[in-house]
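First comes the structure, then the notes that go with it.
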Amino acid sequence: MSDRAGLVIAIDGIAGAGKSTLAAALAERLGLEYLDTGAMYRAVALAAVQRGVSPSDGPGLSEIAATISLEVGKRVLLDGRDVTGAIRSAEVDATVSEVAAHPGVREALVERQRQWAAVRDGAVVEGRDMATVVFPDAQLKLFLVADLQVRGERRFAQSAAEPAPGAVAAALARRDEYDSNRQAAPLRPAPGAKVLDTTNASVAELVDQVLGWL
Ligand code: DC
């Protein structure tokens with residue numbers, strides 16, 4: 001057993017603030033696995049597009065969330081097919097927040113997230129409701145923020161398909177607004193969460209700061 005046995009680090013925050021990057025870097029330093037729960041909501045949104053199920057169809061989407069075969073690691077496998085790139089498409093970006101707002105979708109994915117963690121001896125998990133809902137007993141809770149313009153520029157730099165940094169930033173802001181104002185598990189810092197502004201920090205600086213809190 002490592003000295004990090006059973007450690008859970010829960011990372012939430014706004015879109016494009018660097019949650020996945022920080023989660024991956026922390027997991028590597030600590031010898032833990034990490035789970036990108038946004039990829040799970042994206043996979044459900046993609047499956048819905050592929051099956052012609054509307055983002056407003058709660059029961060249809062809940063059925064998808066409960067029954068698809070889903071593996072989220074370095075690659076994302078949906079019913080055995082590699083959808084790592086497809087879940088980042090503009091179509092999924094445009095529908096995923098509405099898909100994620102349905103309580104039935106969230107119930108099914110939260111169950112999968114807890115099962116994923118239950119068979120691991122500690123983990124870094126990231127999303128929108130990790131510390132508020134899914135892992136309220138996490139030893140360390142982080143809430144990441146960053147300036148909108150910087151988030152738009154970072155996302156734009158990652159994807160050749162995006163129109164322009166300003167348009168990317170506007171889409172991120174729309175998603176934040178939707179995710180923060182939904183009824184089910186709205187995006188917000190959990191009590192006791194440490195708020196980290198990643199606007200001007202390097203990944204290495206952030207990792208060192210977080211490790212200092214353990
Ligand atoms: O982290 P991301 O941008 O890939 O997440 C995509 C969407 O999924 C995001 O707009 C809100 C939703 N989501 C959620 O509701 N709860 C989570 N734990 C993770 C993501």
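We label chains A, B, ... in the order they appear in the structure tokens, count residues from 1 in each chain, and number ligands from 1 in the order shown.
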
Please write out the residues within 6 Å of ligand 1 as a PDB file with N, CA, C and O atoms, in the first residue's frame, counting only C-alpha atoms and all ligand atoms.
ATOM      1  N   ALA A  15     -15.680  25.628 -17.014  1.00  0.00           N
ATOM      2  CA  ALA A  15     -15.187  24.979 -18.232  1.00  0.00           C
ATOM      3  C   ALA A  15     -13.875  25.621 -18.682  1.00  0.00           C
ATOM      4  O   ALA A  15     -13.743  26.845 -18.699  1.00  0.00           O
ATOM      5  N   THR A  37     -14.857  13.012 -15.434  1.00  0.00           N
ATOM      6  CA  THR A  37     -16.287  12.700 -15.489  1.00  0.00           C
ATOM      7  C   THR A  37     -17.004  13.491 -16.578  1.00  0.00           C
ATOM      8  O   THR A  37     -18.067  13.089 -17.043  1.00  0.00           O
ATOM      9  N   GLY A  38     -16.405  14.621 -17.022  1.00  0.00           N
ATOM     10  CA  GLY A  38     -16.980  15.336 -18.155  1.00  0.00           C
ATOM     11  C   GLY A  38     -17.014  14.453 -19.396  1.00  0.00           C
ATOM     12  O   GLY A  38     -17.954  14.511 -20.199  1.00  0.00           O
ATOM     13  N   ALA A  39     -15.987  13.593 -19.534  1.00  0.00           N
ATOM     14  CA  ALA A  39     -15.941  12.682 -20.687  1.00  0.00           C
ATOM     15  C   ALA A  39     -17.133  11.721 -20.657  1.00  0.00           C
ATOM     16  O   ALA A  39     -17.630  11.305 -21.708  1.00  0.00           O
ATOM     17  N   TYR A  41     -20.223  12.427 -19.391  1.00  0.00           N
ATOM     18  CA  TYR A  41     -21.398  13.169 -19.868  1.00  0.00           C
ATOM     19  C   TYR A  41     -21.302  13.401 -21.372  1.00  0.00           C
ATOM     20  O   TYR A  41     -22.306  13.335 -22.096  1.00  0.00           O
ATOM     21  N   ARG A  42     -20.091  13.646 -21.855  1.00  0.00           N
ATOM     22  CA  ARG A  42     -19.900  13.830 -23.292  1.00  0.00           C
ATOM     23  C   ARG A  42     -20.234  12.551 -24.063  1.00  0.00           C
ATOM     24  O   ARG A  42     -20.805  12.603 -25.162  1.00  0.00           O
ATOM     25  N   VAL A  96     -24.036  19.000 -24.614  1.00  0.00           N
ATOM     26  CA  VAL A  96     -23.708  18.242 -23.399  1.00  0.00           C
ATOM     27  C   VAL A  96     -24.269  18.871 -22.125  1.00  0.00           C
ATOM     28  O   VAL A  96     -24.688  18.143 -21.208  1.00  0.00           O
ATOM     29  N   SER A  97     -24.324  20.195 -22.046  1.00  0.00           N
ATOM     30  CA  SER A  97     -24.843  20.794 -20.809  1.00  0.00           C
ATOM     31  C   SER A  97     -26.315  20.453 -20.609  1.00  0.00           C
ATOM     32  O   SER A  97     -26.742  20.170 -19.484  1.00  0.00           O
ATOM     33  N   ALA A 100     -26.547  16.889 -19.504  1.00  0.00           N
ATOM     34  CA  ALA A 100     -26.067  16.687 -18.130  1.00  0.00           C
ATOM     35  C   ALA A 100     -27.020  17.245 -17.080  1.00  0.00           C
ATOM     36  O   ALA A 100     -26.855  16.966 -15.894  1.00  0.00           O
ATOM     37  N   GLY A 127     -14.664  17.174 -12.346  1.00  0.00           N
ATOM     38  CA  GLY A 127     -15.936  17.412 -13.019  1.00  0.00           C
ATOM     39  C   GLY A 127     -16.587  18.683 -12.522  1.00  0.00           C
ATOM     40  O   GLY A 127     -15.937  19.727 -12.419  1.00  0.00           O
ATOM     41  N   ARG A 128     -17.902  18.592 -12.227  1.00  0.00           N
ATOM     42  CA  ARG A 128     -18.638  19.771 -11.760  1.00  0.00           C
ATOM     43  C   ARG A 128     -19.253  19.563 -10.380  1.00  0.00           C
ATOM     44  O   ARG A 128     -19.597  20.523  -9.707  1.00  0.00           O
ATOM     45  N   ASP A 129     -19.420  18.304  -9.989  1.00  0.00           N
ATOM     46  CA  ASP A 129     -20.107  18.003  -8.725  1.00  0.00           C
ATOM     47  C   ASP A 129     -19.348  16.960  -7.921  1.00  0.00           C
ATOM     48  O   ASP A 129     -19.928  16.228  -7.127  1.00  0.00           O
ATOM     49  N   MET A 130     -18.047  16.887  -8.129  1.00  0.00           N
ATOM     50  CA  MET A 130     -17.253  15.855  -7.445  1.00  0.00           C
ATOM     51  C   MET A 130     -17.284  16.045  -5.940  1.00  0.00           C
ATOM     52  O   MET A 130     -17.534  15.111  -5.185  1.00  0.00           O
ATOM     53  N   ARG A 175     -21.832  27.562 -21.372  1.00  0.00           N
ATOM     54  CA  ARG A 175     -21.883  26.290 -20.649  1.00  0.00           C
ATOM     55  C   ARG A 175     -21.806  26.508 -19.134  1.00  0.00           C
ATOM     56  O   ARG A 175     -22.533  25.873 -18.364  1.00  0.00           O
ATOM     57  N   ASP A 179     -24.561  25.256 -16.585  1.00  0.00           N
ATOM     58  CA  ASP A 179     -24.186  24.284 -15.549  1.00  0.00           C
ATOM     59  C   ASP A 179     -24.396  24.843 -14.140  1.00  0.00           C
ATOM     60  O   ASP A 179     -24.688  24.097 -13.207  1.00  0.00           O
TER      61      ASP A 179
END

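Selecting strand (DSSP E) from the backbone DSSP output for segment 46-137 of chain A yields Leu70, Glu71, Val72, Val76, Leu77, Leu78, Arg81, Asp82, Ala123, Val124, Val125, Glu126 and Gly127 of chain A.
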
Point out the residue among A:Ala117, A:Leu142, A:Ala185, A:Leu78 with the least atom-to-atom distance to Thr198 of chain A, counting only C-alpha atoms.
A:Leu142

Would you mind writing down, as a PyMOL selection string, each residue of segment 9-153 of chain A that DSSP on the backbone assigns to helix (DSSP H, G or I)?
chain A and resi 19-30+37-51+58-67+86-88+90-100+103-118+130-134+148-153

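Nearest to Arg151 of chain A of all the residues A:Ala167, A:Leu109, A:Ile64, A:Ala138 is A:Ala167, counting only C-alpha atoms.
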
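You can rank A:Glu91, A:Asp176, A:Glu28, A:Asp12 by their closest distance to Ala47 of chain A using only C-alpha atoms, and at the top of that list sits A:Glu91.
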
All residues 12 Å or closer to Val76 of chain A, only C-alpha atoms, same chain fewer than 4 positions away omitted, as a ChimeraX atom specification
/A:35-44,46,69-72,80-88

Which polymer residues have any atom within 12 Å of an atom of Asp57 of chain A, counting only C-alpha atoms, with same-chain residues fewer than 2 positions away left out, as JSON, numbers by chain?
{"A": [45, 48, 49, 52, 53, 54, 55, 59, 60, 61, 62, 63, 64, 95, 98, 99, 100, 101, 102, 103, 104, 105]}

Got a sec: who's within 9 Å of Val134 of chain A, counting only C-alpha atoms, leaving out chain neighbours fewer than 3 positions off, as a VMD selection string?
chain A and resid 110 to 111 113 to 114 129 to 131 137
